[in-house]
Structure formats: structure tokens, C-alpha cells
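Asks: What follows is target_36.txt, compact mmCIF, C-alpha atoms and all ligand atoms.
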# COMPACT_ATOMS: atom_id res chain seq x y z
CA MET Y 1 0.00 0.00 0.00
CA ARG Y 2 1.41 3.41 -0.92
CA TYR Y 3 2.10 5.66 1.98
CA SER Y 4 0.31 8.52 0.25
CA TYR Y 5 -2.90 6.55 0.53
CA ILE Y 6 -2.36 6.01 4.25
CA CYS Y 7 -1.52 9.68 4.75
CA LYS Y 8 -4.61 10.74 2.86
CA SER Y 9 -6.76 8.37 4.89
CA LEU Y 10 -5.07 9.69 8.02
CA ASP Y 11 -5.77 13.28 7.01
CA ILE Y 12 -9.39 12.39 6.38
CA PHE Y 13 -9.44 10.60 9.73
CA ARG Y 14 -7.93 13.65 11.49
CA LEU Y 15 -10.23 16.08 9.72
CA THR Y 16 -13.36 14.09 10.32
CA MET Y 17 -12.71 13.21 13.97
CA PRO Y 18 -13.67 16.60 15.51
CA ALA Y 19 -16.50 17.04 13.00
CA ARG Y 20 -17.89 13.60 13.73
CA LYS Y 21 -17.66 14.24 17.45
CA LYS Y 22 -19.62 17.48 17.09
CA THR Y 23 -22.21 15.90 14.82
CA THR Y 24 -22.71 12.93 17.13
CA SER Y 25 -23.11 14.98 20.27
CA THR Y 26 -25.38 17.47 18.45
CA THR Y 27 -27.58 14.65 17.24
CA LEU Y 28 -27.76 13.12 20.69
CA LYS Y 29 -28.52 16.51 22.22
CA GLU Y 30 -31.30 16.91 19.69
CA ASP Y 31 -32.61 13.48 20.61
CA LEU Y 32 -32.66 14.44 24.29
CA CYS Y 33 -34.43 17.72 23.48
CA PHE Y 34 -36.99 15.85 21.45
CA VAL Y 35 -37.71 13.43 24.30
CA LYS Y 36 -37.91 16.31 26.80
CA ASN Y 37 -40.30 18.25 24.55
CA THR Y 38 -42.42 15.15 24.10
CA ILE Y 39 -42.71 14.78 27.89
CA ILE Y 40 -43.65 18.47 28.28
CA LYS Y 41 -46.18 18.20 25.43
CA SER Y 42 -47.71 15.07 26.94
CA ARG Y 43 -47.88 16.81 30.35
CA LYS Y 44 -49.54 19.87 28.82
CA ALA Y 45 -51.98 17.72 26.89
CA LYS Y 46 -52.99 15.90 30.04
CA ALA Y 47 -53.03 19.00 32.29
CA PRO Y 48 -56.69 20.09 31.60
CA LYS Y 49 -57.90 16.90 33.33
CA LYS Y 50 -56.46 18.48 36.55
CA SER Y 51 -56.01 15.23 38.43
CA ALA Y 52 -53.31 13.06 36.88
CA THR Y 53 -54.33 9.48 36.47
CA ARG Y 54 -52.07 6.49 37.29
CA ALA Y 55 -51.78 5.84 33.52
CA VAL Y 56 -50.34 9.32 32.88
CA ILE Y 57 -47.76 8.93 35.67
CA GLN Y 58 -46.74 5.57 34.25
CA GLU Y 59 -46.39 7.15 30.81
CA GLN Y 60 -44.12 9.85 32.23
CA ILE Y 61 -41.96 7.27 34.02
CA LYS Y 62 -41.61 5.46 30.71
CA ASP Y 63 -40.46 8.69 29.04
CA ILE Y 64 -37.87 9.34 31.75
CA THR Y 65 -36.59 5.76 31.40
CA ASN Y 66 -36.21 6.38 27.66
CA THR Y 67 -34.20 9.53 28.39
CA ASN Y 68 -31.89 7.51 30.64
CA ALA Y 69 -31.46 4.91 27.91
CA ILE Y 70 -30.37 7.64 25.49
CA LYS Y 71 -27.96 9.05 28.10
CA LYS Y 72 -26.48 5.56 28.50
CA SER Y 73 -26.15 5.25 24.75
CA ILE Y 74 -24.21 8.56 24.66
CA SER Y 75 -21.80 7.33 27.30
CA ASP Y 76 -21.40 3.95 25.53
CA LYS Y 77 -20.59 5.71 22.27
CA LYS Y 78 -18.05 7.93 24.05
CA ASN Y 79 -16.36 4.88 25.60
CA GLU Y 80 -16.27 3.15 22.24
CA LYS Y 81 -14.63 6.21 20.68
CA MET Y 82 -11.98 6.33 23.43
CA LYS Y 83 -11.28 2.62 22.93
CA ASN Y 84 -10.77 3.15 19.21
CA ARG Y 85 -8.48 6.09 19.84
CA ASN Y 86 -6.27 4.01 22.14
CA GLU Y 87 -5.98 1.39 19.44
CA ASP Y 88 -4.63 4.07 17.12
CA LYS Y 89 -1.59 4.59 19.33
CA VAL Y 90 1.77 3.91 17.71
CA ASN Y 91 5.12 4.71 19.29
CA GLY Y 92 3.22 5.95 22.32
CA SER Y 93 1.75 8.76 20.19
CA SER Y 94 -1.91 8.89 19.31
CA VAL Y 95 -1.47 10.55 15.93
CA VAL Y 96 -0.89 7.60 13.65
CA ARG Y 97 -3.37 4.96 12.61
CA ARG Y 98 -2.08 1.41 12.56
CA THR Y 99 -1.62 0.18 9.00
CA GLY Y 100 -0.27 -3.29 9.83
CA ILE Y 101 2.57 -2.81 7.34
CA HIS Y 102 6.24 -3.73 7.91
CA TYR Y 103 8.22 -0.66 6.83
CA ALA Y 104 11.64 -1.97 5.80
CA GLY Y 105 14.35 0.65 5.50
CA CYS Y 106 18.01 1.32 6.14
CA HIS Y 107 20.60 3.59 7.67
CA VAL Y 108 21.45 6.18 5.03
CA SER Y 109 24.25 8.68 4.60
CA ALA Y 110 23.56 12.31 5.43
CA ALA Y 111 27.08 13.38 4.46
CA GLY Y 112 27.35 16.92 3.15
CA SER Y 113 23.83 17.99 4.06
CA VAL Y 114 21.25 16.26 6.23
CA ASP Y 115 18.48 16.61 3.61
CA LYS Y 116 20.48 14.33 1.26
CA ALA Y 117 19.41 11.46 3.53
CA ILE Y 118 15.94 11.48 1.97
CA HIS Y 119 17.34 11.18 -1.55
CA ASN Y 120 19.54 8.29 -0.38
CA ALA Y 121 16.58 6.57 1.27
CA LEU Y 122 14.57 6.84 -1.95
CA LEU Y 123 17.43 5.33 -3.95
CA CYS Y 124 17.27 2.24 -1.70
CA ASN Y 125 13.49 2.09 -1.95
CA ALA Y 126 13.42 2.47 1.83
CA LYS Y 127 10.07 2.86 3.57
CA SER Y 128 11.76 4.02 6.78
CA PHE Y 129 15.28 5.26 7.46
CA ALA Y 130 17.96 6.11 10.00
CA LEU Y 131 20.78 8.66 9.81
CA PHE Y 132 23.46 10.37 11.88
CA LEU Y 133 22.71 13.99 12.67
CA ARG Y 134 26.38 14.96 13.11
CA ASN Y 135 29.77 13.30 12.80
CA GLN Y 136 29.28 10.19 14.91
CA ARG Y 137 32.96 9.85 15.76
CA SER Y 138 33.76 13.40 16.83
CA TRP Y 139 32.85 15.51 19.88
CA ALA Y 140 32.94 18.66 17.76
CA ALA Y 141 30.15 19.43 15.30
CA LYS Y 142 29.11 22.30 13.08
CA PRO Y 143 25.72 23.76 14.02
CA LEU Y 144 22.77 22.72 11.90
CA ASP Y 145 21.74 25.38 9.39
CA PRO Y 146 18.02 26.16 9.92
CA LYS Y 147 17.59 26.47 6.12
CA VAL Y 148 18.91 22.92 5.66
CA ALA Y 149 16.63 21.74 8.47
CA ASP Y 150 13.64 23.28 6.66
CA LYS Y 151 14.70 21.59 3.43
CA PHE Y 152 14.83 18.25 5.30
CA LYS Y 153 11.30 18.76 6.63
CA GLU Y 154 9.99 19.77 3.21
CA LYS Y 155 11.51 16.70 1.56
CA CYS Y 156 10.16 14.36 4.26
CA ALA Y 157 6.68 15.76 3.66
CA LYS Y 158 7.03 15.64 -0.13
CA HIS Y 159 8.25 12.05 -0.19
CA GLU Y 160 5.89 10.94 2.57
CA PHE Y 161 8.26 9.84 5.30
CA PRO Y 162 6.36 10.38 8.55
CA THR Y 163 8.44 11.09 11.67
CA HIS Y 164 7.60 7.79 13.37
CA LEU Y 165 9.42 5.98 10.52
CA ILE Y 166 12.63 8.02 10.88
CA LEU Y 167 15.00 6.88 13.63
CA PRO Y 168 18.21 8.95 13.85
CA HIS Y 169 21.17 7.26 15.55
CA GLY Y 170 23.32 8.94 18.19
CA SER Y 171 27.06 9.51 18.27
CA TYR Y 172 29.24 6.49 19.10
CA LEU Y 173 31.37 8.55 21.51
CA VAL Y 174 28.49 9.24 23.87
CA ASN Y 175 28.59 7.19 27.07
CA LEU Y 176 26.08 8.54 29.55
CA GLY Y 177 27.07 5.82 32.02
CA SER Y 178 30.82 6.47 31.88
CA PRO Y 179 32.73 6.18 35.14
CA LYS Y 180 34.52 9.41 34.13
CA GLU Y 181 32.68 12.59 35.05
CA GLU Y 182 34.23 14.48 32.13
CA THR Y 183 32.95 11.91 29.61
CA ARG Y 184 29.49 11.94 31.19
CA LYS Y 185 29.41 15.76 30.95
CA LYS Y 186 30.45 15.76 27.28
CA SER Y 187 27.97 12.94 26.59
CA VAL Y 188 25.04 14.88 28.03
CA GLU Y 189 26.07 18.00 26.07
CA THR Y 190 26.24 15.98 22.86
CA LEU Y 191 22.87 14.33 23.55
CA ILE Y 192 21.29 17.75 24.13
CA ASP Y 193 22.81 19.01 20.87
CA GLU Y 194 21.46 15.98 18.99
CA LEU Y 195 17.97 16.26 20.51
CA LYS Y 196 17.90 19.95 19.54
CA ARG Y 197 18.82 18.94 15.98
CA CYS Y 198 15.85 16.54 16.05
CA GLU Y 199 13.59 19.41 17.16
CA MET Y 200 14.82 21.53 14.24
CA LEU Y 201 14.29 18.64 11.80
CA GLY Y 202 10.80 17.90 13.10
CA LEU Y 203 11.88 14.43 14.28
CA ASN Y 204 10.58 12.84 17.45
CA LEU Y 205 12.71 9.72 17.94
CA PHE Y 206 16.41 9.53 18.77
CA ASN Y 207 18.23 6.19 19.20
CA ILE Y 208 21.17 5.81 21.60
CA HIS Y 209 23.36 3.03 22.98
CA PRO Y 210 22.62 3.19 26.70
CA GLY Y 211 26.26 3.18 27.86
CA SER Y 212 29.03 1.16 29.42
CA SER Y 213 30.44 0.86 32.93
CA CYS Y 214 33.88 0.16 31.37
CA GLY Y 215 34.24 -2.32 34.20
CA ASP Y 216 35.13 0.47 36.64
CA ILE Y 217 31.79 1.00 38.35
CA SER Y 218 28.88 -1.30 39.19
CA ARG Y 219 26.17 -1.86 36.58
CA GLU Y 220 23.62 -0.32 39.00
CA GLU Y 221 25.67 2.86 39.27
CA CYS Y 222 26.11 2.96 35.51
CA ILE Y 223 22.33 2.61 34.99
CA LYS Y 224 21.76 5.46 37.46
CA TYR Y 225 24.18 7.73 35.56
CA ILE Y 226 22.53 6.86 32.22
CA ALA Y 227 19.08 7.78 33.52
CA GLU Y 228 20.42 10.98 35.11
CA GLY Y 229 21.98 12.00 31.81
CA ILE Y 230 18.80 11.33 29.86
CA ASN Y 231 16.67 13.20 32.41
CA LYS Y 232 19.02 16.20 32.16
CA ALA Y 233 18.85 16.21 28.35
CA LEU Y 234 15.06 15.80 28.33
CA SER Y 235 14.61 18.69 30.76
CA VAL Y 236 16.10 21.20 28.30
CA THR Y 237 14.54 19.87 25.09
CA VAL Y 238 10.99 19.23 23.92
CA GLY Y 239 9.05 16.50 22.21
CA VAL Y 240 11.80 14.09 21.20
CA LYS Y 241 11.82 10.55 22.58
CA VAL Y 242 15.16 9.03 23.61
CA VAL Y 243 15.21 5.46 22.30
CA LEU Y 244 17.33 2.90 24.16
CA GLU Y 245 18.88 0.21 21.96
CA ASN Y 246 19.46 -3.31 23.28
CA MET Y 247 23.11 -4.36 23.30
CA SER Y 248 24.96 -7.61 22.56
CA ARG Y 249 26.49 -8.05 26.07
CA GLN Y 250 29.87 -7.20 24.53
CA GLY Y 251 32.34 -5.83 27.07
CA HIS Y 252 30.68 -3.90 29.87
CA THR Y 253 27.81 -2.46 27.84
CA ILE Y 254 24.45 -2.00 29.51
CA GLY Y 255 21.30 -3.31 27.81
CA GLY Y 256 22.12 -6.88 26.71
CA ASP Y 257 19.65 -7.98 29.35
CA LEU Y 258 16.35 -6.25 28.52
CA SER Y 259 15.60 -5.77 32.21
CA GLU Y 260 18.48 -3.27 32.30
CA LEU Y 261 16.64 -1.17 29.72
CA ARG Y 262 13.57 -1.42 31.95
CA GLN Y 263 15.61 -0.25 34.96
CA ILE Y 264 16.72 2.84 33.02
CA MET Y 265 13.14 3.51 31.83
CA ASP Y 266 11.87 3.28 35.41
CA LEU Y 267 14.22 6.11 36.38
CA ILE Y 268 13.10 8.43 33.55
CA GLU Y 269 10.95 11.26 34.85
CA ASP Y 270 8.99 11.97 31.66
CA LYS Y 271 7.74 8.57 30.52
CA THR Y 272 6.30 10.02 27.31
CA ARG Y 273 9.84 10.66 26.11
CA ILE Y 274 11.44 7.24 26.36
CA GLY Y 275 11.28 4.22 24.07
CA VAL Y 276 13.14 1.09 23.02
CA CYS Y 277 14.71 -0.19 19.79
CA ILE Y 278 15.60 -3.85 19.32
CA ASP Y 279 18.64 -4.74 17.21
CA THR Y 280 18.22 -8.31 15.98
CA CYS Y 281 21.98 -8.98 15.74
CA HIS Y 282 22.47 -7.71 19.30
CA ALA Y 283 19.52 -9.81 20.50
CA MET Y 284 21.02 -12.93 18.86
CA ALA Y 285 24.47 -12.20 20.33
CA ALA Y 286 22.93 -11.55 23.74
CA GLY Y 287 21.42 -15.06 23.77
CA TYR Y 288 18.13 -15.25 21.82
CA ASN Y 289 18.56 -17.83 19.08
CA LEU Y 290 16.54 -16.05 16.39
CA ASN Y 291 17.30 -18.88 13.99
CA THR Y 292 14.72 -20.97 15.87
CA GLN Y 293 11.05 -20.45 16.65
CA GLU Y 294 11.79 -21.08 20.32
CA GLY Y 295 14.48 -18.39 20.48
CA PHE Y 296 12.23 -15.91 18.66
CA ASP Y 297 9.35 -16.66 21.05
CA ASP Y 298 11.70 -16.14 24.01
CA MET Y 299 12.65 -12.72 22.69
CA ILE Y 300 9.01 -11.74 22.11
CA LYS Y 301 8.09 -12.92 25.60
CA ASP Y 302 10.93 -10.91 27.15
CA ILE Y 303 10.09 -7.76 25.17
CA GLU Y 304 6.52 -8.12 26.36
CA GLU Y 305 7.33 -8.89 30.00
CA LYS Y 306 10.43 -6.81 30.60
CA ILE Y 307 9.71 -3.82 28.34
CA GLY Y 308 6.12 -3.88 27.01
CA PHE Y 309 5.35 -3.51 23.29
CA GLU Y 310 3.88 -0.05 23.77
CA TRP Y 311 7.46 1.17 24.36
CA LEU Y 312 8.91 -0.43 21.24
CA VAL Y 313 9.48 2.27 18.62
CA GLY Y 314 11.84 0.63 16.15
CA LEU Y 315 14.09 -2.26 15.17
CA HIS Y 316 17.54 -2.58 13.66
CA LEU Y 317 17.46 -5.51 11.27
CA ASN Y 318 20.89 -7.10 11.08
CA ASP Y 319 21.91 -10.70 10.63
CA SER Y 320 24.63 -11.87 13.02
CA LYS Y 321 28.08 -13.20 12.15
CA GLY Y 322 28.17 -14.89 15.56
CA GLU Y 323 26.09 -17.69 17.04
CA ALA Y 324 23.37 -17.08 19.65
CA GLY Y 325 24.97 -15.94 22.90
CA CYS Y 326 28.34 -15.06 21.33
CA LYS Y 327 28.14 -11.54 22.86
CA LEU Y 328 29.82 -10.12 19.75
CA ASP Y 329 28.42 -7.08 17.94
CA ARG Y 330 29.16 -8.28 14.40
CA HIS Y 331 26.52 -7.39 11.83
CA GLU Y 332 26.04 -9.60 8.77
CA ASN Y 333 23.95 -9.23 5.60
CA ILE Y 334 20.38 -10.53 5.73
CA GLY Y 335 20.30 -14.29 5.21
CA LYS Y 336 24.10 -14.60 5.26
CA GLY Y 337 24.47 -14.89 9.02
CA LYS Y 338 23.31 -17.15 11.83
CA ILE Y 339 19.79 -15.70 12.03
CA GLY Y 340 19.14 -16.64 8.40
CA LEU Y 341 16.20 -16.03 6.09
CA GLU Y 342 13.90 -18.21 8.16
CA GLY Y 343 14.65 -16.06 11.19
CA PHE Y 344 13.92 -12.88 9.24
CA LYS Y 345 10.71 -14.36 7.87
CA ARG Y 346 9.49 -14.61 11.49
CA ILE Y 347 10.57 -11.02 12.13
CA MET Y 348 8.97 -9.65 8.94
CA THR Y 349 5.64 -11.32 9.67
CA CYS Y 350 5.54 -10.51 13.38
CA LYS Y 351 2.45 -8.45 14.21
CA TYR Y 352 4.35 -6.49 16.86
CA PHE Y 353 6.81 -5.09 14.31
CA THR Y 354 4.37 -3.25 12.05
CA ASP Y 355 4.26 0.55 11.77
CA LEU Y 356 7.81 0.84 13.06
CA PRO Y 357 11.07 1.83 11.38
CA LEU Y 358 12.84 -1.46 10.50
CA ILE Y 359 16.39 -0.32 9.83
CA LEU Y 360 19.13 -2.27 8.07
CA GLU Y 361 22.67 -1.63 9.33
CA THR Y 362 24.29 -4.47 7.43
CA PRO Y 363 27.81 -4.37 5.91
CA PHE Y 364 28.34 -2.48 2.65
CA VAL Y 365 28.27 -4.84 -0.34
CA ASP Y 366 27.76 -2.48 -3.26
CA GLU Y 367 25.74 0.62 -4.15
CA ASN Y 368 22.56 -1.43 -4.47
CA GLY Y 369 23.14 -3.53 -1.37
CA TYR Y 370 20.42 -2.02 0.80
CA LYS Y 371 17.98 -1.91 -2.10
CA LYS Y 372 18.40 -5.65 -2.60
CA GLU Y 373 18.11 -6.39 1.11
CA ILE Y 374 14.96 -4.26 1.43
CA ALA Y 375 13.49 -6.25 -1.48
CA ILE Y 376 14.39 -9.49 0.34
CA LEU Y 377 12.76 -8.27 3.57
CA GLU Y 378 9.63 -7.13 1.73
CA GLY Y 379 9.46 -10.52 0.03
CA LEU Y 380 9.63 -12.20 3.43
CA SER Y 381 6.85 -10.02 4.83
CA LYS Y 382 4.29 -11.45 2.37
ZN ZN Y 401 23.19 1.16 17.30
ZN ZN Y 402 25.49 -3.35 16.35
Could you express the structure from this file as C-alpha cells?
Ligand SMILES: [Zn+2]
Ligand SMILES: [Zn+2]

Replies:
Amino acid sequence: MRYSYICKSLDIFRLTMPARKKTTSTTLKEDLCFVKNTIIKSRKAKAPKKSATRAVIQEQIKDITNTNAIKKSISDKKNEKMKNRNEDKVNGSSVVRRTGIHYAGCHVSAAGSVDKAIHNALLCNAKSFALFLRNQRSWAAKPLDPKVADKFKEKCAKHEFPTHLILPHGSYLVNLGSPKEETRKKSVETLIDELKRCEMLGLNLFNIHPGSSCGDISREECIKYIAEGINKALSVTVGVKVVLENMSRQGHTIGGDLSELRQIMDLIEDKTRIGVCIDTCHAMAAGYNLNTQEGFDDMIKDIEEKIGFEWLVGLHLNDSKGEAGCKLDRHENIGKGKIGLEGFKRIMTCKYFTDLPLILETPFVDENGYKKEIAILEGLSK
């Protein structure tokens, strides 16, 4: 289904919602008025007889009961509407209608100018995409030109990439859980800078690696620092959700065990601004054997129990060079690694992974590499 169709339907949905609400309540009000007038009329009609008979009283009771039935119907309709609205929630936001589509995409280059990312995404036939918002291997960065930011927004609108399908990736130098105060300070500053770039670009998701204790502090202390850093960054920015990525258990990284992501989330003050992204290679390396149905089911169960699917805002789709539980962060091309095509078939047909950015970060093969892999993933989703 073309995204334009969904957007148009969404626009119609958005436009008609308030109108429908008004119409419904007006109609119901009119109904109530009608019933009330009928009661008054019937009272007036019966008034000349002076003494009201038992039959008249019974008639009036019947009218009042009818009025109550209409009132109940109003409240039922309201509840139904609220229920439907909740079902329209995606990424914790209530603005997007679920389409049930798997939006395969990839991490694209934004070198030179951030708006080039859209062109690069289109070349790969990507339906969602990720990008770096500044040099990911340097603490220093040129400020983002507001004119370029506007161009980015215009192109996203023109080519129909909604914000919930764009998942920028944070700098690799950032370690909010570092045992070194200096590194933590620089990390928070960089995160703030990146979140402000998201604001300028009209983006509302920002993916980060939670952090690493470097083996010098306890994991609990590291988790506390990570949450503190995120809270600080969120307090001076607006609207953008920090997305915690699961890790492969390599070294002293936090987030190989999904309950560590939950511990960080529990410490975040503004719960509307936190989310989770699952990297399939990291999940495999951390111990879920995604090559088997059992391993996949284990991962789903843990996402559900430890995180909750309402917090899942994206996935990184990478095959894994290493076996399940290898703890190594080594991405492989789709179908060429230990997860395999069968594993990705399960991922691309999983009902929990629809309406999310599904981002390839696989090794470079050739110019058309991502395009081919997106075609493979889309084939698997059927
Ligand atoms: Zn990552
Ligand atoms: Zn990785």
C-alpha cells in the first residue's frame, strides 16, 4: 500500500474526527431535546384533566426511562470512541493509525547535508530510514543550518516519510554511564545538541546506545548515571523521545539484558519521552537464538514482559556473524548470518513489528546492497 494513501486516509481521519464528534453529540442533544419536549407536550396535553391518572404517571416514568437509555447510549458511544483512539496509538503517540505494514528501510548517509538522507533513502526504496545527525565519531560538530533543516522537513513531507518511521542514531562517543565525570558531561552535552537537531528537523525519535560501565563502576551505578543524563537532556529539550537500543552483552555495555533497559526507563521522569529499539543482531548475540522459533518466542516474551510492546518504537534488522549468545556485535547481511532467512521471515511477519522503522545496518556490499536487502525483507513479509 502506498504511503500517500495512508496519509490521505489519516488526514481524512484527522479532519473528520472533531467534525464527527460534534455531529454525534449534536444529534444526541437533539434526541434528548426531542424526548424532553415530548414529555412536556404530553404533560400539557394531560393537564386540563387536573387530576393526573395512574396511567399518565406511568407514561411519564416510561419517558424518563427512555431519556436515561439515550444518556447511556451517549456514554457507551463515548467509551467506544476512546477505545478506538487508544488502538490508534503507535510509538506511544496517538497521531498515527495502525496500518499493519512492515516498513523496511536502512541507515542512510547524510554526508554533506542532512536533507540528502531522503534522496539516499529513496534510492534504496526504503520505507523508513535512520541517519546520523552529526559526525558520529567526533565531539565537535558544526551547528545545523536552519535552512537545511527546513529543506529536510519539506523533503520528508514531499516524499511521505512520517516522523515515526525516521529513527536517527546517536554519536558512538556518547557514554552517559561512563565512570569518568568528564565523559558523562560531554555525553550529556552531545545528547542535548542531537535532541535539539531533532527538534529543528521535526523528528521525534532519537536512538542511543545506553552506555558502558567500562568495568570500573557497578552496573547499577552505571544505569543510574545513564538515567540521570537522559533526564538532564530531556529537561532542556521538547518532544523528542530518547530510544534505548538493546546491546549484545559485549564488554561492559548495559542493555544486553532487557531488564536493564527497563531499569533505566523506570528512572526516567517523563515517561512520554522514552522508548526502546531492538537490534536483531544484538539480540542474537545476547542469547536469543533467532534462527529458531523457540528463540524468537523467548525474545518476544521478554520484550513483552520486561519492556512492554507499547514502548517499542523501532528495530535494527541485522543478521549476526556470531552464534546465539556469542556476545559479539558483528553485523552480517540478511540471510548470510546465523539468524538466516527463516529467522527474518518470522521477524517480517511478526504483528508487533508493524508501523515501526525497521532499519538495516548491514555491511556495505555495493551501491545497491540495501535496495536488494529491502526487497528481500519485503518478500519475506508477504
Ligand atoms: Zn546502534
Ligand atoms: Zn550493532

Asks: Which residues are close to Y:Ile374, i.e. within 10 Å by all atoms listed in the file, leaving aside same-chain residues fewer than 5 positions away? Reply as a CSV table (one decimal) with C-alpha atoms, in the frame of the given file.

Replies:
chain,number,residue,atom,x,y,z
Y,103,TYR,CA,8.2,-0.7,6.8
Y,104,ALA,CA,11.6,-2.0,5.8
Y,105,GLY,CA,14.4,0.6,5.5
Y,106,CYS,CA,18.0,1.3,6.1
Y,124,CYS,CA,17.3,2.2,-1.7
Y,125,ASN,CA,13.5,2.1,-2.0
Y,126,ALA,CA,13.4,2.5,1.8
Y,127,LYS,CA,10.1,2.9,3.6
Y,334,ILE,CA,20.4,-10.5,5.7
Y,358,LEU,CA,12.8,-1.5,10.5
Y,359,ILE,CA,16.4,-0.3,9.8
Y,360,LEU,CA,19.1,-2.3,8.1
Y,369,GLY,CA,23.1,-3.5,-1.4
Y,379,GLY,CA,9.5,-10.5,0.0
Y,380,LEU,CA,9.6,-12.2,3.4

Asks: Atom CA of Y:Ala121 to atom CA of Y:Gly100: how many Å, to one decimal?

Replies: 21.3 Å

Asks: Can I get the residues close to ligand ZN 401 (chain Y) as a list of chain:residue names, where close means within 7 Å and we count only C-alpha atoms and all ligand atoms?

Replies: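 So the residues close to ligand ZN 401 (chain Y) are Y:His169, Y:Ile208, Y:His209, Y:Glu245.
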
Asks: Now that the selection is made, can you save its residues with C-alpha atoms as a PDB file, in the coordinates of the input?

Replies:
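The resulting file, selection-v6.pdb, is shown below:
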ATOM      1  CA  HIS Y 169      21.170   7.260  15.550  1.00  0.00           C
ATOM      2  CA  ILE Y 208      21.170   5.810  21.600  1.00  0.00           C
ATOM      3  CA  HIS Y 209      23.360   3.030  22.980  1.00  0.00           C
ATOM      4  CA  GLU Y 245      18.880   0.210  21.960  1.00  0.00           C
TER       5      GLU Y 245
END

Asks: Which residues are near ligand ZN 402 (chain Y) in this structure, taking near to mean any atom at most 12 Å from a ligand atom and counting all atoms listed in the file? Format them as a compact mmCIF listing (two decimals) with C-alpha atoms, in the frame of the given file.

Replies:
# COMPACT_ATOMS: atom_id res chain seq x y z
CA HIS Y 169 21.17 7.26 15.55
CA TYR Y 172 29.24 6.49 19.10
CA ILE Y 208 21.17 5.81 21.60
CA HIS Y 209 23.36 3.03 22.98
CA GLU Y 245 18.88 0.21 21.96
CA ASN Y 246 19.46 -3.31 23.28
CA MET Y 247 23.11 -4.36 23.30
CA SER Y 248 24.96 -7.61 22.56
CA ARG Y 249 26.49 -8.05 26.07
CA GLN Y 250 29.87 -7.20 24.53
CA THR Y 253 27.81 -2.46 27.84
CA GLY Y 256 22.12 -6.88 26.71
CA CYS Y 277 14.71 -0.19 19.79
CA ILE Y 278 15.60 -3.85 19.32
CA ASP Y 279 18.64 -4.74 17.21
CA THR Y 280 18.22 -8.31 15.98
CA CYS Y 281 21.98 -8.98 15.74
CA HIS Y 282 22.47 -7.71 19.30
CA ALA Y 283 19.52 -9.81 20.50
CA MET Y 284 21.02 -12.93 18.86
CA ALA Y 285 24.47 -12.20 20.33
CA ALA Y 286 22.93 -11.55 23.74
CA LEU Y 315 14.09 -2.26 15.17
CA HIS Y 316 17.54 -2.58 13.66
CA LEU Y 317 17.46 -5.51 11.27
CA ASN Y 318 20.89 -7.10 11.08
CA ASP Y 319 21.91 -10.70 10.63
CA SER Y 320 24.63 -11.87 13.02
CA LYS Y 321 28.08 -13.20 12.15
CA GLY Y 322 28.17 -14.89 15.56
CA LYS Y 327 28.14 -11.54 22.86
CA LEU Y 328 29.82 -10.12 19.75
CA ASP Y 329 28.42 -7.08 17.94
CA ARG Y 330 29.16 -8.28 14.40
CA HIS Y 331 26.52 -7.39 11.83
CA GLU Y 332 26.04 -9.60 8.77
CA ILE Y 359 16.39 -0.32 9.83
CA LEU Y 360 19.13 -2.27 8.07
CA GLU Y 361 22.67 -1.63 9.33
CA THR Y 362 24.29 -4.47 7.43
CA PRO Y 363 27.81 -4.37 5.91

Asks: Quote the spacing between atom CA of Y:Arg184 and atom CA of Y:Arg134 in Å to one decimal place.

Replies: 18.6 Å

Asks: Rounded to one decimal, what separation in Å do you get between atom CA of Y:Ile254 and atom CA of Y:Glu228?

Replies: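 So the two atoms, atom CA of Y:Ile254 and atom CA of Y:Glu228, lie 14.7 Å apart.
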
Asks: At most 12 Å from (28.6, 21.8, 15.4), file frame, all atoms listed in the file: which residues, as a list in words?

Replies: Leu133, Arg134, Asn135, Gln136, Ser138, Trp139, Ala140, Ala141, Lys142, Pro143, Leu144, Asp145, Glu189, Thr190, Asp193, Glu194, Lys196 and Arg197 of chain Y

Asks: Which one is closest to Y:Lys271: Y:Gly177, Y:Gly229, Y:Pro168, Y:Gly239? Count all atoms listed in the file.

Replies: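 Smallest distance to Y:Lys271 is found for Y:Gly239.
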
Asks: From the options Y:Val148, Y:Leu176, Y:Leu290, Y:Ile230, which residue's atoms come nearest to Y:Ser113, counting all atoms listed in the file?

Replies: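 The answer is Y:Val148, which sits nearest to Y:Ser113.
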
Asks: Quick one: everything within 12 Å of Y:Tyr225, counting only C-alpha atoms, minus sequence neighbours fewer than 4 positions away in the same chain. Send it as a short mmCIF file (atom, residue, chain, number, x, y, z; two decimals) with C-alpha atoms, keeping the file's coordinate frame.

Replies:
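Saved to part-v1.cif:
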data_model
loop_
_atom_site.label_atom_id
_atom_site.label_comp_id
_atom_site.auth_asym_id
_atom_site.auth_seq_id
_atom_site.Cartn_x
_atom_site.Cartn_y
_atom_site.Cartn_z
CA ASN Y 175 28.59 7.19 27.07
CA LEU Y 176 26.08 8.54 29.55
CA GLY Y 177 27.07 5.82 32.02
CA SER Y 178 30.82 6.47 31.88
CA PRO Y 179 32.73 6.18 35.14
CA LYS Y 180 34.52 9.41 34.13
CA GLU Y 181 32.68 12.59 35.05
CA THR Y 183 32.95 11.91 29.61
CA ARG Y 184 29.49 11.94 31.19
CA LYS Y 185 29.41 15.76 30.95
CA SER Y 187 27.97 12.94 26.59
CA VAL Y 188 25.04 14.88 28.03
CA PRO Y 210 22.62 3.19 26.70
CA GLY Y 211 26.26 3.18 27.86
CA SER Y 212 29.03 1.16 29.42
CA SER Y 213 30.44 0.86 32.93
CA ILE Y 217 31.79 1.00 38.35
CA SER Y 218 28.88 -1.30 39.19
CA ARG Y 219 26.17 -1.86 36.58
CA GLU Y 220 23.62 -0.32 39.00
CA GLU Y 221 25.67 2.86 39.27
CA GLY Y 229 21.98 12.00 31.81
CA ILE Y 230 18.80 11.33 29.86
CA ASN Y 231 16.67 13.20 32.41
CA LYS Y 232 19.02 16.20 32.16
CA ILE Y 254 24.45 -2.00 29.51
CA GLN Y 263 15.61 -0.25 34.96
CA ILE Y 264 16.72 2.84 33.02
CA LEU Y 267 14.22 6.11 36.38
CA ILE Y 268 13.10 8.43 33.55
#

Asks: Which residue is closest to Y:Val108? Choose from Y:Cys156, Y:Cys350, Y:Leu167, Y:Ala227 and count only C-alpha atoms.

Replies: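 That would be Y:Leu167, the residue with the smallest distance to Y:Val108.
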
Asks: Put the listed atoms of stretch 275-293 of chain Y in a box along x, y and z with 4 Å added on every side and give me the centre and edge lengths in Å to one decimal, as lines of an AutoDock Vina configuration file.

Replies:
center_x = 17.8
center_y = -8.4
center_z = 19.0
size_x = 21.4
size_y = 33.2
size_z = 18.1
